[in-house]
Structures are given as structure tokens and as C-alpha cells.
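Source file: upload-v5.tsv (TSV, C-alpha atoms)
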```tsv
chain	number	residue	atom	x	y	z
A	111	MET	CA	0.00	0.00	0.00
A	112	SER	CA	1.51	3.30	-1.12
A	113	GLU	CA	-1.65	5.36	-0.43
A	114	PHE	CA	-3.48	5.72	2.84
A	115	THR	CA	-6.21	3.16	3.34
A	116	ARG	CA	-8.80	2.49	6.00
A	117	LEU	CA	-8.56	-0.69	8.07
A	118	THR	CA	-10.82	-2.19	10.69
A	119	LEU	CA	-8.91	-3.80	13.56
A	120	PRO	CA	-10.40	-6.97	15.11
A	121	MET	CA	-9.99	-8.24	18.65
A	122	PRO	CA	-7.03	-10.67	18.42
A	123	ARG	CA	-6.88	-14.13	19.98
A	124	LEU	CA	-4.32	-13.97	22.79
A	125	GLY	CA	-4.59	-17.50	24.17
A	126	GLU	CA	-5.61	-20.99	23.17
A	127	THR	CA	-8.86	-20.88	25.17
A	128	MET	CA	-9.59	-17.18	24.77
A	129	GLU	CA	-12.96	-16.45	23.16
A	130	GLU	CA	-13.45	-12.95	24.55
A	131	ALA	CA	-11.59	-10.24	26.47
A	132	THR	CA	-12.27	-7.00	28.28
A	133	VAL	CA	-11.07	-3.68	26.90
A	134	ALA	CA	-9.10	-2.19	29.79
A	135	GLU	CA	-7.99	1.16	28.37
A	136	TRP	CA	-7.45	2.93	25.06
A	137	LEU	CA	-3.92	4.36	24.99
A	138	VAL	CA	-4.44	6.32	21.75
A	139	ALA	CA	-7.33	8.74	21.25
A	140	PRO	CA	-9.38	9.08	18.04
A	141	GLY	CA	-7.62	11.50	15.71
A	142	GLN	CA	-4.24	10.79	17.29
A	143	SER	CA	-1.37	9.48	15.18
A	144	PHE	CA	0.74	6.51	16.22
A	145	LYS	CA	3.91	4.76	15.10
A	146	ARG	CA	4.69	1.11	14.54
A	147	GLY	CA	5.06	-0.62	17.91
A	148	ASP	CA	3.10	1.99	19.89
A	149	PRO	CA	0.52	0.35	22.18
A	150	LEU	CA	-3.00	1.18	21.00
A	151	LEU	CA	-4.97	-0.31	23.88
A	152	GLU	CA	-4.74	-2.71	26.79
A	153	VAL	CA	-6.80	-5.90	26.74
A	154	GLU	CA	-7.58	-7.95	29.83
A	155	THR	CA	-8.06	-11.71	29.44
A	156	ASP	CA	-8.81	-14.22	32.18
A	157	LYS	CA	-5.06	-14.77	32.52
A	158	THR	CA	-3.23	-11.49	31.97
A	159	MET	CA	-3.23	-7.90	30.75
A	160	VAL	CA	-1.74	-7.43	27.26
A	161	GLU	CA	-1.07	-4.38	25.12
A	162	TYR	CA	-2.19	-4.42	21.47
A	163	PRO	CA	0.72	-2.84	19.56
A	164	ALA	CA	0.43	-1.02	16.24
A	165	LEU	CA	1.74	-3.08	13.33
A	166	GLY	CA	2.46	0.06	11.30
A	167	ASN	CA	2.26	3.85	11.34
A	168	GLY	CA	-1.16	5.47	11.11
A	169	THR	CA	-3.99	7.41	12.71
A	170	LEU	CA	-6.78	6.12	14.92
A	171	LEU	CA	-10.02	7.22	13.26
A	172	ALA	CA	-12.56	5.76	15.66
A	173	THR	CA	-12.87	3.33	18.55
A	174	LEU	CA	-15.74	0.86	18.20
A	175	VAL	CA	-15.61	-0.48	21.76
A	176	ALA	CA	-15.17	1.24	25.11
A	177	PRO	CA	-13.21	0.43	28.28
A	178	GLY	CA	-15.08	-2.22	30.22
A	179	ASP	CA	-16.67	-3.77	27.14
A	180	VAL	CA	-16.38	-7.54	26.86
A	181	VAL	CA	-15.50	-8.24	23.23
A	182	SER	CA	-15.43	-11.54	21.35
A	183	VAL	CA	-12.38	-12.56	19.32
A	184	GLY	CA	-12.62	-11.20	15.76
A	185	THR	CA	-15.08	-8.43	16.64
A	186	PRO	CA	-14.13	-5.03	15.14
A	187	ILE	CA	-12.68	-2.77	17.82
A	188	ALA	CA	-11.30	0.24	15.92
A	189	GLU	CA	-10.89	1.90	12.55
A	190	ILE	CA	-7.53	3.30	11.49
A	191	GLU	CA	-5.93	4.97	8.50
A	192	THR	CA	-2.51	3.73	7.45
A	193	ALA	CA	-0.17	3.48	4.48
A	194	ASP	CA	1.54	0.39	5.88
A	195	PRO	CA	0.57	-3.28	5.46
A	196	TRP	CA	-0.81	-4.91	8.63
A	197	ASP	CA	-0.23	-8.66	8.60
A	198	GLY	CA	-3.47	-10.63	8.82
A	199	ILE	CA	-5.75	-7.59	8.44
A	200	ASP	CA	-7.36	-6.96	5.06
A	201	GLU	CA	-8.08	-3.59	3.51
A	202	GLU	CA	-11.69	-2.48	3.51
A	203	ASP	CA	-13.55	-2.95	0.25
A	204	PRO	CA	-14.47	0.60	-0.91
A	205	ALA	CA	-18.07	-0.45	-1.68
A	206	GLU	CA	-18.51	-2.07	1.73
A	207	ALA	CA	-16.91	0.90	3.46
A	208	GLU	CA	-19.34	3.24	1.68
A	209	ALA	CA	-22.34	1.10	2.57
A	210	ALA	CA	-21.31	0.55	6.17
A	211	PRO	CA	-22.62	3.00	8.75
A	212	ALA	CA	-20.06	5.54	9.82
A	213	PRO	CA	-18.85	5.50	13.40
A	214	GLN	CA	-21.05	7.66	15.55
A	215	THR	CA	-19.77	11.15	16.22
A	216	PRO	CA	-21.21	13.42	18.87
A	217	ASP	CA	-23.69	16.12	17.87
A	218	PRO	CA	-21.94	19.46	18.47
A	219	ASP	CA	-25.19	20.80	20.00
A	220	THR	CA	-25.45	17.85	22.39
A	221	PRO	CA	-23.42	17.97	25.58
A	222	PRO	CA	-20.88	15.15	25.80
A	223	PRO	CA	-21.73	12.37	28.22
A	224	SER	CA	-20.25	12.89	31.62
A	225	GLY	CA	-17.34	10.70	32.64
A	226	PRO	CA	-17.45	8.22	35.46
A	227	ALA	CA	-18.14	9.60	38.88
A	228	PRO	CA	-15.09	10.16	41.06
A	229	GLY	CA	-13.90	6.89	42.54
A	230	THR	CA	-15.85	4.73	40.06
A	231	ALA	CA	-13.36	4.70	37.15
A	232	ARG	CA	-12.03	1.25	36.33
A	233	LEU	CA	-8.74	0.76	38.14
A	234	ARG	CA	-5.80	-0.67	36.26
A	235	ALA	CA	-5.05	-4.14	37.67
A	236	THR	CA	-4.11	-7.54	36.32
A	237	PRO	CA	-6.74	-10.30	36.54
A	238	LEU	CA	-4.70	-12.16	39.15
A	239	ALA	CA	-4.37	-8.99	41.23
A	240	ARG	CA	-8.14	-8.50	41.11
A	241	ARG	CA	-8.76	-12.07	42.22
A	242	LEU	CA	-6.22	-11.87	45.07
A	243	ALA	CA	-7.68	-8.59	46.26
A	244	ARG	CA	-11.20	-10.02	46.19
A	245	GLU	CA	-10.15	-13.15	48.09
A	246	GLY	CA	-8.18	-11.08	50.59
A	247	GLY	CA	-10.98	-8.60	51.20
A	248	LEU	CA	-8.92	-5.65	49.93
A	249	ALA	CA	-10.23	-2.68	47.97
A	250	LEU	CA	-8.27	-2.06	44.78
A	251	ASP	CA	-8.43	1.71	45.24
A	252	GLN	CA	-6.44	1.30	48.46
A	253	ILE	CA	-3.57	-0.60	46.80
A	254	PRO	CA	-0.69	1.40	45.24
A	255	GLY	CA	0.22	-0.09	41.87
A	256	THR	CA	3.87	-0.59	40.90
A	257	GLY	CA	3.23	-1.82	37.35
A	258	ARG	CA	3.35	0.09	34.13
A	259	ARG	CA	1.31	3.33	34.29
A	260	GLY	CA	0.39	2.51	37.87
A	261	ARG	CA	-1.15	-0.88	37.14
A	262	ILE	CA	-1.76	-3.01	40.24
A	263	GLU	CA	0.21	-6.24	40.03
A	264	ALA	CA	-0.31	-9.48	41.95
A	265	GLY	CA	2.78	-8.72	44.03
A	266	ASP	CA	1.28	-5.40	45.13
A	267	VAL	CA	-1.72	-7.27	46.57
A	268	ARG	CA	0.32	-10.05	48.17
A	269	ALA	CA	2.46	-7.46	49.95
A	270	LEU	CA	-0.65	-6.32	51.86
A	271	ILE	CA	-1.94	-9.78	52.77
A	272	PRO	CA	-0.36	-11.15	55.97
A	273	GLY	CA	1.43	-14.43	55.35
A	274	ALA	CA	0.98	-14.32	51.61
A	275	GLY	CA	4.06	-15.74	49.94
A	276	ALA	CA	4.99	-16.49	46.38
A	277	PRO	CA	2.22	-18.10	44.36
A	278	ALA	CA	2.25	-21.87	44.22
A	279	ALA	CA	3.40	-23.32	40.93
A	280	PRO	CA	0.52	-24.66	38.87
A	281	ARG	CA	0.14	-28.42	39.06
A	282	VAL	CA	1.04	-30.06	35.77
A	283	ALA	CA	-1.86	-32.26	34.76
A	284	ARG	CA	-1.62	-34.23	31.56
A	285	GLN	CA	-4.77	-34.12	29.50
A	286	ALA	CA	-6.14	-37.04	27.53
A	287	GLY	CA	-4.32	-37.39	24.22
A	288	ALA	CA	-1.21	-35.49	25.32
A	289	THR	CA	0.99	-38.56	25.08
A	290	ALA	CA	3.41	-37.83	22.24
A	291	PRO	CA	7.05	-37.63	23.41
A	292	VAL	CA	8.31	-34.05	23.54
A	293	TYR	CA	11.28	-33.34	21.27
A	294	CYS	CA	13.02	-30.15	22.48
A	295	VAL	CA	14.95	-27.97	20.01
A	296	HIS	CA	17.16	-25.38	21.72
A	297	GLY	CA	17.86	-21.92	20.36
A	298	TYR	CA	20.90	-20.02	19.13
A	299	ALA	CA	23.91	-20.55	21.45
A	300	GLY	CA	21.85	-22.98	23.53
A	301	LEU	CA	22.32	-26.61	24.51
A	302	GLY	CA	20.11	-29.62	24.93
A	303	ALA	CA	20.94	-29.44	28.63
A	304	ASN	CA	19.10	-26.11	28.85
A	305	TRP	CA	15.83	-28.06	28.87
A	306	ALA	CA	16.63	-30.04	32.07
A	307	ALA	CA	14.19	-28.26	34.41
A	308	LEU	CA	11.32	-28.41	31.94
A	309	ARG	CA	11.99	-32.06	31.12
A	310	ALA	CA	11.84	-32.88	34.84
A	311	GLU	CA	8.40	-31.22	35.04
A	312	LEU	CA	7.23	-33.16	31.99
A	313	GLN	CA	8.50	-36.41	33.45
A	314	ARG	CA	6.46	-35.80	36.60
A	315	ALA	CA	3.44	-35.38	34.32
A	316	GLY	CA	4.19	-38.73	32.66
A	317	LEU	CA	5.58	-37.31	29.43
A	318	SER	CA	8.84	-38.56	27.93
A	319	SER	CA	11.17	-36.12	26.21
A	320	SER	CA	14.48	-35.73	24.41
A	321	ALA	CA	16.75	-32.73	23.84
A	322	PRO	CA	19.71	-33.15	21.47
A	323	ASP	CA	22.42	-30.59	20.77
A	324	LEU	CA	21.99	-29.02	17.33
A	325	PRO	CA	24.90	-28.83	14.85
A	326	GLY	CA	27.39	-26.15	15.81
A	327	HIS	CA	26.44	-26.51	19.47
A	328	GLY	CA	27.62	-28.56	22.43
A	329	ARG	CA	28.61	-32.15	21.75
A	330	ASN	CA	27.16	-32.35	18.25
A	331	PRO	CA	30.26	-32.78	16.02
A	332	ALA	CA	28.45	-31.49	12.93
A	333	GLU	CA	29.04	-27.84	12.06
A	334	ALA	CA	26.39	-25.36	10.93
A	335	GLY	CA	27.50	-22.68	8.49
A	336	ALA	CA	23.94	-21.44	8.07
A	337	VAL	CA	20.48	-21.85	9.59
A	338	ALA	CA	19.55	-24.15	6.70
A	339	ASP	CA	22.04	-26.72	8.06
A	340	LEU	CA	20.06	-26.90	11.30
A	341	VAL	CA	16.81	-27.44	9.41
A	342	ASP	CA	18.33	-30.22	7.31
A	343	TRP	CA	19.72	-31.97	10.38
A	344	LEU	CA	16.45	-31.79	12.31
A	345	THR	CA	14.43	-32.93	9.29
A	346	ASP	CA	16.63	-36.01	8.98
A	347	ASP	CA	16.46	-36.71	12.73
A	348	LEU	CA	12.67	-36.46	12.74
A	349	ALA	CA	12.53	-39.04	9.98
A	350	ARG	CA	14.39	-41.44	12.27
A	351	GLN	CA	11.87	-41.12	15.12
A	352	SER	CA	9.79	-44.26	15.71
A	353	ALA	CA	6.57	-42.27	16.30
A	354	PRO	CA	5.29	-38.70	15.82
A	355	VAL	CA	6.59	-36.26	18.42
A	356	HIS	CA	5.41	-33.09	20.09
A	357	LEU	CA	8.02	-30.76	18.60
A	358	LEU	CA	9.06	-27.90	20.90
A	359	GLY	CA	11.40	-25.17	19.63
A	360	HIS	CA	12.86	-22.12	21.37
A	361	SER	CA	13.87	-18.88	19.63
A	362	LEU	CA	15.91	-19.84	16.54
A	363	GLY	CA	14.99	-23.44	17.36
A	364	ALA	CA	11.34	-22.45	16.89
A	365	TYR	CA	12.00	-21.49	13.27
A	366	VAL	CA	14.02	-24.68	12.75
A	367	ALA	CA	11.22	-26.73	14.29
A	368	ALA	CA	8.50	-25.07	12.19
A	369	GLU	CA	10.41	-25.57	8.95
A	370	ALA	CA	11.25	-29.18	9.80
A	371	ALA	CA	7.59	-29.82	10.70
A	372	ARG	CA	6.59	-28.46	7.31
A	373	ARG	CA	8.94	-30.94	5.65
A	374	GLN	CA	8.01	-33.88	7.91
A	375	PRO	CA	4.37	-33.29	8.96
A	376	GLY	CA	3.73	-37.00	9.43
A	377	GLN	CA	6.41	-37.14	12.14
A	378	VAL	CA	5.04	-34.23	14.18
A	379	ALA	CA	1.88	-34.62	16.29
A	380	ARG	CA	1.98	-31.08	17.69
A	381	LEU	CA	4.20	-28.03	17.37
A	382	THR	CA	4.93	-25.55	20.18
A	383	LEU	CA	7.12	-22.47	19.79
A	384	LEU	CA	8.75	-20.62	22.70
A	385	ALA	CA	9.76	-16.97	22.13
A	386	PRO	CA	9.94	-17.79	18.41
A	387	ALA	CA	12.33	-16.02	16.09
A	388	GLY	CA	11.25	-15.23	12.55
A	389	CYS	CA	7.79	-13.82	13.34
A	390	GLY	CA	8.76	-10.21	12.61
A	391	LEU	CA	11.64	-8.05	11.45
A	392	GLU	CA	13.10	-6.89	14.75
A	393	ILE	CA	15.63	-8.74	16.91
A	394	HIS	CA	18.44	-7.80	19.32
A	395	GLY	CA	21.24	-8.19	16.77
A	396	GLY	CA	23.91	-7.15	19.26
A	397	PHE	CA	23.16	-10.22	21.35
A	398	LEU	CA	23.64	-12.51	18.34
A	399	THR	CA	26.92	-11.02	17.17
A	400	SER	CA	28.34	-10.78	20.69
A	401	MET	CA	27.61	-14.45	21.42
A	402	ALA	CA	29.33	-15.42	18.15
A	403	ALA	CA	32.44	-13.38	18.95
A	404	ALA	CA	33.77	-15.65	21.74
A	405	PRO	CA	32.81	-13.37	24.67
A	406	GLY	CA	34.58	-13.70	28.00
A	407	PRO	CA	32.81	-14.29	31.33
A	408	GLY	CA	32.42	-10.56	32.01
A	409	GLU	CA	30.75	-9.82	28.69
A	410	LEU	CA	28.62	-12.93	29.04
A	411	ALA	CA	27.33	-11.71	32.40
A	412	HIS	CA	25.93	-8.62	30.67
A	413	LEU	CA	24.49	-10.64	27.78
A	414	MET	CA	22.77	-13.07	30.15
A	415	ARG	CA	20.95	-10.15	31.80
A	416	LEU	CA	19.10	-9.68	28.52
A	417	LEU	CA	17.57	-13.16	28.80
A	418	GLY	CA	15.85	-13.18	32.19
A	419	PRO	CA	16.22	-13.84	35.93
A	420	LYS	CA	17.70	-17.36	35.81
A	421	ALA	CA	20.28	-16.41	33.20
A	422	THR	CA	21.13	-13.29	35.20
A	423	ALA	CA	21.78	-15.46	38.26
A	424	LEU	CA	24.40	-17.69	36.58
A	425	ASP	CA	27.54	-17.80	38.72
A	426	SER	CA	31.12	-17.22	37.61
A	427	ALA	CA	31.78	-20.95	37.13
A	428	ALA	CA	28.83	-21.29	34.76
A	429	LEU	CA	29.85	-18.16	32.84
A	430	THR	CA	33.44	-19.41	32.54
A	431	ALA	CA	32.24	-22.77	31.22
A	432	MET	CA	30.00	-21.01	28.72
A	433	ALA	CA	32.89	-18.80	27.58
A	434	GLN	CA	35.01	-21.87	26.95
A	435	GLU	CA	32.18	-23.46	24.97
A	436	LEU	CA	31.90	-20.36	22.76
A	437	ARG	CA	35.65	-20.03	22.24
A	438	GLY	CA	35.47	-22.18	19.11
A	439	GLN	CA	33.36	-19.49	17.38
A	440	ARG	CA	31.03	-22.11	15.88
A	441	LEU	CA	28.14	-19.63	15.76
A	442	THR	CA	29.51	-17.09	13.27
A	443	GLY	CA	27.74	-18.49	10.22
A	444	LEU	CA	24.47	-18.90	12.10
A	445	ALA	CA	24.53	-15.31	13.35
A	446	THR	CA	25.11	-14.01	9.81
A	447	SER	CA	22.34	-16.10	8.25
A	448	MET	CA	19.90	-15.39	11.08
A	449	ALA	CA	20.03	-11.59	11.10
A	450	ARG	CA	21.58	-8.50	9.55
A	451	GLY	CA	22.06	-6.00	12.33
A	452	ASP	CA	18.74	-5.81	14.17
A	453	THR	CA	16.79	-7.22	11.21
A	454	GLN	CA	15.83	-10.89	11.04
A	455	ARG	CA	16.57	-12.85	7.88
A	456	ILE	CA	14.43	-15.90	8.67
A	457	ASP	CA	10.66	-16.25	8.25
A	458	THR	CA	8.72	-18.53	10.58
A	459	LEU	CA	5.32	-17.24	9.45
A	460	GLY	CA	5.57	-18.97	6.05
A	461	PRO	CA	5.99	-22.50	7.48
A	462	LEU	CA	3.27	-21.81	10.05
A	463	ARG	CA	0.79	-20.83	7.36
A	464	ALA	CA	1.66	-24.00	5.45
A	465	LEU	CA	0.94	-26.09	8.56
A	466	ALA	CA	-2.63	-24.80	8.99
A	467	GLY	CA	-4.94	-27.79	9.37
A	468	GLN	CA	-2.09	-30.31	9.53
A	469	MET	CA	-1.34	-30.20	13.27
A	470	PRO	CA	-2.14	-28.11	16.37
A	471	VAL	CA	0.32	-25.22	16.79
A	472	THR	CA	0.89	-23.19	19.96
A	473	ALA	CA	3.18	-20.21	20.60
A	474	ILE	CA	4.34	-18.88	23.97
A	475	PHE	CA	5.80	-15.37	24.30
A	476	GLY	CA	7.46	-13.67	27.25
A	477	LEU	CA	5.92	-10.33	28.18
A	478	ALA	CA	9.37	-8.98	29.13
A	479	ASP	CA	11.36	-10.45	26.21
A	480	ARG	CA	14.34	-8.19	25.37
A	481	ILE	CA	15.58	-10.24	22.42
A	482	ILE	CA	12.42	-10.64	20.34
A	483	PRO	CA	9.50	-8.18	20.69
A	484	ARG	CA	6.38	-9.67	22.21
A	485	ALA	CA	4.41	-7.69	19.61
A	486	HIS	CA	5.43	-10.34	17.07
A	487	ALA	CA	2.67	-12.47	18.59
A	488	PHE	CA	0.18	-10.37	16.62
A	489	HIS	CA	1.78	-11.48	13.34
A	490	LEU	CA	0.91	-15.16	13.89
A	491	PRO	CA	-1.61	-16.88	11.60
A	492	PRO	CA	-5.07	-17.24	13.16
A	493	HIS	CA	-4.81	-21.01	13.67
A	494	VAL	CA	-1.88	-20.60	16.10
A	495	ALA	CA	-2.94	-20.52	19.76
A	496	CYS	CA	-0.89	-17.92	21.63
A	497	HIS	CA	-0.01	-17.67	25.34
A	498	MET	CA	1.70	-14.78	27.12
A	499	VAL	CA	3.71	-15.51	30.27
A	500	GLU	CA	5.33	-13.19	32.79
A	501	THR	CA	8.93	-13.84	31.77
A	502	GLY	CA	11.67	-12.77	29.37
A	503	HIS	CA	13.26	-14.64	26.47
A	504	MET	CA	13.59	-17.93	28.39
A	505	PRO	CA	10.09	-19.10	29.35
A	506	HIS	CA	11.30	-22.68	29.91
A	507	TRP	CA	13.79	-21.36	32.51
A	508	ASP	CA	11.82	-18.64	34.24
A	509	ALA	CA	8.24	-19.93	33.91
A	510	THR	CA	8.98	-23.66	33.84
A	511	ALA	CA	5.79	-24.82	35.53
A	512	ASP	CA	3.61	-22.59	33.33
A	513	VAL	CA	5.21	-23.90	30.15
A	514	ALA	CA	4.98	-27.51	31.33
A	515	ALA	CA	1.30	-27.05	32.14
A	516	ILE	CA	0.62	-25.68	28.66
A	517	LEU	CA	2.51	-28.56	27.03
A	518	ALA	CA	0.80	-31.21	29.15
A	519	ALA	CA	-2.62	-29.75	28.46
A	520	SER	CA	-2.06	-29.58	24.71
```
Let's see the structure in the file written out as C-alpha cells.
Amino acid sequence: MSEFTRLTLPMPRLGETMEEATVAEWLVAPGQSFKRGDPLLEVETDKTMVEYPALGNGTLLATLVAPGDVVSVGTPIAEIETADPWDGIDEEDPAEAEAAPAPQTPDPDTPPPSGPAPGTARLRATPLARRLAREGGLALDQIPGTGRRGRIEAGDVRALIPGAGAPAAPRVARQAGATAPVYCVHGYAGLGANWAALRAELQRAGLSSSAPDLPGHGRNPAEAGAVADLVDWLTDDLARQSAPVHLLGHSLGAYVAAEAARRQPGQVARLTLLAPAGCGLEIHGGFLTSMAAAPGPGELAHLMRLLGPKATALDSAALTAMAQELRGQRLTGLATSMARGDTQRIDTLGPLRALAGQMPVTAIFGLADRIIPRAHAFHLPPHVACHMVETGHMPHWDATADVAAILAAS
């Protein structure tokens, strides 16, 4: 699109079981311009609060739903004007746009409706915080919020409840049919051993799993001069499996898993992607190039802080061992073929579209991911069920029980 066009934005699906969500707050007003990546509104599901980011530059023409409205997935929520393509959202047909009733605008001679009475405006709080406050007999308007724009988080509520500790990890319950062995595909600069905590959770749920080192990593003697070498290796290894697997890929491994599943659909019962690369242009290119350049323990300590709490907590012995592992500079070709600067060169969306109807596909994104923007979740094809978890780029490290529960329930 080179000219400005009018688009109608639908309510996106933000979780596998989500059928509706509550509009929490519009962050852009009608008539206001926005840029790609700016949050347009906040949506509250039964599990979390998520921002809906702009997929391009434009102007908000009209909002079709109001804060507090419960809106079904796919229902139009806003009209915008943009010159950029928005993945998964079609342009309005001019004839339909002309025939459709225009959004209501206030009569200049009619006084605007009064806002909510003081003290009755909807407070910004996550669903879990609301539940904890209700169970603890606390009024939300008496709880100072420490979240973004003053949002009340679960921790804010727990701090005011005597004896309230950290939330208990969700029990992993395997659902009927979730019996395929889980085949874990690590990401760039990762190892099969990185999956140990998650595999222990899966074992307790009665699920078997495996986690090999990819070429160019760990004890795999094969080298990988490009991402395509990883895909070829995994495709061949899937063909050797005795039964279809639940294929689980993280970051770059998510792209590798999706492409291998496209080539070997008969060997994959389900596909799950963690913090998947290749779902949008942006990526933290500095992380990729630094990991490929044989960083020392000190530099690695800074790089690990980009990944999340568990990676940040790695001690000097672990960082030294990692530095020795990276000394061989086996990742140079992968870094070059994966990204150019902060721009990704791989496309996971293509394989995912090709898999529609062939197998169930789930994606899990970290709300605090500093490597891959969480907004890439909105680029996913509609058949992909998406979950957001309170973690960074390593959901299987920092939200192990949550990820295991999602896998076991798949």
C-alpha cells in the first residue's frame, strides 16, 4: 500500500482458550497518530493484561468499543488509517466501506456524556491482582500499583496480605491425548541441557522427552555454516523417530522446528514455539553477534541479563564454562544467516501458514522479552494458539511450571 487506506482492527486471539476479552484502556485517542510498535490499547483476558501494539504507522479514526466492554475474538474494535501493510488484516472494500454505517460522532449541540463519577473509574489491575484482592478482602483503590502506568500487580496485593508468599506453581496435569514424546529444540547458542528443568516437570506429568544438541552446538560434532544446516539436520532426525513427536522449539529453534515440521508433517503430532524467532523483522542483533564473537565471562554476564532472571543469576563458574564453549566461534555463520544488524533474515510465518490444518500449533511469548519483541505475537496466523507468560526470552527457565502445564494440556 503506497496510499493511505482504512482498516478495521479486530480483537485478536491472545490465548488458546480465549474467546473474549475486556477492553481495559485505550492508549491512543481518536484522531491521534501513532507509530509502529506503539501500544494502542490494553486488553484484559482471564489470565493477563496485554497491550495491542500497532503493526504500522497510522492514525486512529474511531474506537468501536469502550473500556469495560467484553468483546469476542474477531469483533471489530477500531478503525484506522494507514499506508503500511498490517499482517493478517485486510483492507476495507471501498463499496462495503461506503455502505457501512459511519462510526457515531457526537452532535456538536449535544453535551458530551459525563465521565465516570469520582472513585468509580475502572482501576488498572491484572486479573490475578483483582482475584487476590477479592479473596483477601482488599479494595483495589487502596492498593498502590507498581506496574506500568500505575497498574496493580499481583505482588502489590500479596504485599498487603499477611502471610501471603509467592504463588504456588501450577500443578502439571496431563490431559487425555497429550501422550506424544516431547522433542526439544534449543535456540541459538543454547544446549540440549538447557531443557533439564522443563523435562523434569514433563517427566512428573508422565511425558517422555528428548533434547539433542543441534549442529554447531555442544557435543554435536556437525558444524552449521547457516540456519539451513540446522533445518536439514532436524528434518533427517525427525525421519528417524519411531513415532510422531510433540516438537518444541525455542527462539531460533522455533524457526528450525516449524520448517522441519513443514517438511516432515507425518512425524510431528503437535508443534509448540517458545519466544519464536522469525515472526517479525526486529531482533536484538547485538546479542547474536556478541555471542558469536567468543565473549569472555564478564561480557557474558551482561548478555545473560538480557535473557531473564535465571540467566542473570548464573555464577562465575557457569559463565566461565560457557565462555570456553563459545571459544570455538562455531556460531559465526548462524549469526550471519539469522540476522543482519537488528533485522531478522528468517521467516517462521511462512511455514506456520503452510501447517494450517495439519497439526495443532501453539506459541508462547514472554511479556518482558528483550531479544524478540512480544508484539510479534500479533503477526501469527489465526490457527496458532498464543499464550503470554510473565517472563523474558527464556520461558522454559523462568516460567517452567507454566510452560509444562501448557505442554501437558495440549
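Considering only C-alpha atoms, the residue among A:Arg455, A:Lys145, A:Arg234, A:Arg380 positioned nearest to Ala338 of chain A is A:Arg455.
The two atoms in question, atom CA of His394 of chain A and atom CA of Thr236 of chain A, are spaced 28.2 Å apart.
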Exercise. Could you give me, as number ranges by chain, the residues that have an atom at most 12 Å away from the point (18.0, -16.2, 36.7) in the coordinates of the file, using all atoms listed in the file?
Key: A: 411, 414-425, 501-509
Find the residues near segment 372-377 of chain A: any atom within 7 Å, counting all atoms listed in the file, skip ones fewer than 4 places away on the same chain, and give them as a PDB file with C-alpha atoms, in the frame of the given file.
```
ATOM      1  CA  THR A 345      14.430 -32.930   9.290  1.00  0.00           C
ATOM      2  CA  LEU A 348      12.670 -36.460  12.740  1.00  0.00           C
ATOM      3  CA  ALA A 349      12.530 -39.040   9.980  1.00  0.00           C
ATOM      4  CA  ALA A 353       6.570 -42.270  16.300  1.00  0.00           C
ATOM      5  CA  PRO A 354       5.290 -38.700  15.820  1.00  0.00           C
ATOM      6  CA  VAL A 355       6.590 -36.260  18.420  1.00  0.00           C
ATOM      7  CA  ALA A 368       8.500 -25.070  12.190  1.00  0.00           C
ATOM      8  CA  PRO A 461       5.990 -22.500   7.480  1.00  0.00           C
ATOM      9  CA  ALA A 464       1.660 -24.000   5.450  1.00  0.00           C
ATOM     10  CA  LEU A 465       0.940 -26.090   8.560  1.00  0.00           C
TER      11      LEU A 465
END
```
Exercise. Please provide as a PyMOL selection string all residues within 9 Å of Leu490 of chain A, with the sequence filter that same-chain residues fewer than 2 positions apart are discarded (counting only C-alpha atoms).
Key: chain A and resi 197-198+389+459+462-463+473+486-488+492-496
Residues near Tyr298 of chain A, cut-off 10 Å, only C-alpha atoms, skip fewer than 5 positions along chain, as a PDB file with C-alpha atoms, in the frame of the given file:
```pdb
ATOM      1  CA  LEU A 324      21.990 -29.020  17.330  1.00  0.00           C
ATOM      2  CA  GLY A 326      27.390 -26.150  15.810  1.00  0.00           C
ATOM      3  CA  HIS A 327      26.440 -26.510  19.470  1.00  0.00           C
ATOM      4  CA  VAL A 337      20.480 -21.850   9.590  1.00  0.00           C
ATOM      5  CA  HIS A 360      12.860 -22.120  21.370  1.00  0.00           C
ATOM      6  CA  SER A 361      13.870 -18.880  19.630  1.00  0.00           C
ATOM      7  CA  LEU A 362      15.910 -19.840  16.540  1.00  0.00           C
ATOM      8  CA  GLY A 363      14.990 -23.440  17.360  1.00  0.00           C
ATOM      9  CA  ALA A 387      12.330 -16.020  16.090  1.00  0.00           C
ATOM     10  CA  LEU A 398      23.640 -12.510  18.340  1.00  0.00           C
ATOM     11  CA  MET A 401      27.610 -14.450  21.420  1.00  0.00           C
ATOM     12  CA  ALA A 402      29.330 -15.420  18.150  1.00  0.00           C
ATOM     13  CA  LEU A 441      28.140 -19.630  15.760  1.00  0.00           C
ATOM     14  CA  LEU A 444      24.470 -18.900  12.100  1.00  0.00           C
ATOM     15  CA  ALA A 445      24.530 -15.310  13.350  1.00  0.00           C
ATOM     16  CA  MET A 448      19.900 -15.390  11.080  1.00  0.00           C
TER      17      MET A 448
END
```
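Of the listed residues (A:Gly408, A:Pro177, A:Gly168, A:Gly395), A:Pro177 comes nearest to Ala131 of chain A; the distances count only C-alpha atoms.
Residue nearest Leu436 of chain A within the list A:Ala370, A:Val133, A:Leu410, A:Ile190: A:Leu410 [criterion: smallest interatomic distance, all atoms listed in the file].
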Quiz item: In terms of the shortest atom-to-atom distance over all atoms listed in the file, which of A:Trp343, A:Ile482, A:Leu381, A:Leu137 is closest to Phe397 of chain A?
Solution: A:Ile482
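Using all atoms listed in the file, the smallest distance between any of A:Val175, A:Ala249, A:Ala403, A:Leu242 and Ala264 of chain A comes from A:Leu242.
For the set A:Gly265, A:Pro386, A:Gly147, A:Pro331, the residue with the smallest atom-to-atom gap to Ala164 of chain A is A:Gly147, counting only C-alpha atoms.
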Practice problem: Work out how far atom CA of Ala485 of chain A is from atom CA of Phe114 of chain A, in Å to one decimal. | Solution: 22.9 Å
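Here atom CA of Ala336 of chain A is placed at a distance of 11.4 Å from atom CA of Val366 of chain A.
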Size and centre in Å, one decimal, axis-aligned box, all listed segment 444-450 of chain A atoms plus 3 Å per side, as JSON:
```
{"center_x": 22.5, "center_y": -13.7, "center_z": 10.8, "size_x": 11.2, "size_y": 16.4, "size_z": 11.1}
```
